[in-house]
Amino acid sequence: MKTTTKKLALAGVLCAVAVVGSMLQFPVFGSQCAPVQHMVNVICAVCLGPWYGVVVAFAASVLRNLLGLGSLLAFPGSMCGALLCGLVYWKTKNLPATLVGEVFGTGIIGGLLSYPIAITFMGKVAGSIGYTAYVVPFLISTVAGSVLAGILVKALEKGGVLKTLRPAESH
């Protein structure tokens with residue numbers, strides 16, 4: 001099978017997993033935490049690379065919003081996490097560092113970028129929320145998803161499945 005076809009197919013499956021997995025969400029301080037998206041970000045980083053990860057995160061965020069399963073805050077959180085963990089894995093091939101990249105990208109960078117989105121597009125009053133308001137809920141969600149991802153990637157690696165998921169050029 002062509003590498004591009006394999007990558008697109010895997011990206012589509014991971015996008016679907018993120019969307020369906022967002023039904024397993026829980027509220028934390030006015031934000032809906034969806035840990036499966038963060039697990040998908042890490043799997044994309046390990047199997048597909050940073051650019052596919054960002055596209056999967058964007059597509060999943062669009063679908064989640066269209067289906068009423070997410071908010072506009074899904075965009076900065078998932079996309080920043082996908083980009084940072086993808087870049088970390090691409091450069092280091094180190095899973096623990098990749099998990100930290102996901103947590104920092106989503107929890108800190110995505111959490112901080114959510115503030116102007118909430119003010120501008122969601123009608124939040126600037127005085128009613130602090131600029132760090134989304135950091136804690138995003139951290140909770142991404143830590144949970146990153147732990148799931150770490151366990152899943154190690155299990156896939158141990159079972160030899162990870163080798164078949166990775167297209168030849170991403171090794």
# chains A, B, ... in the order shown; residues from 1 in each chain; ligands from 1
call {"tool": "residues_around", "arguments": {"residues": "segment 55-61 of chain A", "least_positions_apart": "3", "cutoff": "12 Å", "atoms": "only C-alpha atoms", "output": "PyMOL selection string"}}
result
chain A and resi 7-22+34+36-45+48-52+64-83+86+106
call {"tool": "residues_around", "arguments": {"residues": "Pro96 of chain A", "least_positions_apart": "6", "cutoff": "10 Å", "atoms": "only C-alpha atoms", "output": "JSON, numbers by chain"}}
result
{"A": [88, 89, 102, 146, 147, 150]}
call {"tool": "write_last_selection", "arguments": {"atoms": "N, CA and C atoms", "output": "PDB file, in the first residue's frame"}}
result
ATOM      1  N   VAL A  88       8.190  17.212  19.142  1.00  0.00           N
ATOM      2  CA  VAL A  88       9.081  16.581  20.121  1.00  0.00           C
ATOM      3  C   VAL A  88       9.389  15.145  19.702  1.00  0.00           C
ATOM      4  N   TYR A  89       8.358  14.376  19.315  1.00  0.00           N
ATOM      5  CA  TYR A  89       8.615  12.999  18.914  1.00  0.00           C
ATOM      6  C   TYR A  89       9.447  12.932  17.637  1.00  0.00           C
ATOM      7  N   GLU A 102       2.897  17.052  24.838  1.00  0.00           N
ATOM      8  CA  GLU A 102       1.431  17.115  24.743  1.00  0.00           C
ATOM      9  C   GLU A 102       0.845  17.880  25.923  1.00  0.00           C
ATOM     10  N   SER A 146      -2.732  11.801  28.160  1.00  0.00           N
ATOM     11  CA  SER A 146      -1.332  11.437  27.934  1.00  0.00           C
ATOM     12  C   SER A 146      -0.971  10.150  28.656  1.00  0.00           C
ATOM     13  N   VAL A 147      -1.502   9.948  29.844  1.00  0.00           N
ATOM     14  CA  VAL A 147      -1.274   8.686  30.552  1.00  0.00           C
ATOM     15  C   VAL A 147      -1.874   7.530  29.753  1.00  0.00           C
ATOM     16  N   GLY A 150       0.384   6.911  26.750  1.00  0.00           N
ATOM     17  CA  GLY A 150       1.625   6.233  27.115  1.00  0.00           C
ATOM     18  C   GLY A 150       1.420   4.742  27.291  1.00  0.00           C
TER      19      GLY A 150
END
call {"tool": "closest_residue", "arguments": {"among": "A:Lys2, A:Gly111, A:Lys93, A:Val46", "to": "Ile140 of chain A", "atoms": "only C-alpha atoms"}}
result
A:Gly111
call {"tool": "atom_distance", "arguments": {"atom1": "atom CA of Gly101 of chain A", "atom2": "atom CA of Leu87 of chain A"}}
result
8.4 Å
call {"tool": "closest_residue", "arguments": {"among": "A:Ile151, A:Ile109, A:Val62, A:Leu84", "to": "Ala97 of chain A", "atoms": "only C-alpha atoms"}}
result
A:Leu84
call {"tool": "closest_residue", "arguments": {"among": "A:Thr142, A:Phe121, A:Gly130, A:Pro116", "to": "Cys85 of chain A", "atoms": "only C-alpha atoms"}}
result
A:Thr142
call {"tool": "select_by_dssp", "arguments": {"residues": "chain A", "states": "helix (DSSP H, G or I)", "output": "number ranges by chain"}}
result
A: 3-21, 35-47, 50-66, 74-92, 95-121, 126-128, 135-158, 161-165, 168-170
call {"tool": "closest_residue", "arguments": {"among": "A:Lys124, A:Lys154, A:Lys6, A:Arg166", "to": "Asn94 of chain A", "atoms": "only C-alpha atoms"}}
result
A:Lys154
call {"tool": "atom_distance", "arguments": {"atom1": "atom CA of Thr120 of chain A", "atom2": "atom CA of Leu63 of chain A"}}
result
21.2 Å
call {"tool": "select_by_dssp", "arguments": {"residues": "chain A", "states": "strand (DSSP E)", "output": "ChimeraX atom specification"}}
result
/A:26-28,31-33
call {"tool": "write_last_selection", "arguments": {"atoms": "C-alpha atoms", "output": "PDB file, in the first residue's frame"}}
result
ATOM      1  CA  PHE A  26     -16.259  15.595  31.888  1.00  0.00           C
ATOM      2  CA  PRO A  27     -16.695  19.216  32.944  1.00  0.00           C
ATOM      3  CA  VAL A  28     -13.955  20.993  34.893  1.00  0.00           C
ATOM      4  CA  SER A  31     -14.459  23.542  30.209  1.00  0.00           C
ATOM      5  CA  GLN A  32     -15.280  20.132  28.763  1.00  0.00           C
ATOM      6  CA  CYS A  33     -12.291  17.836  29.212  1.00  0.00           C
TER       7      CYS A  33
END
call {"tool": "closest_residue", "arguments": {"among": "A:Leu148, A:Ser141, A:Leu165, A:Leu156", "to": "Gln25 of chain A", "atoms": "only C-alpha atoms"}}
result
A:Ser141
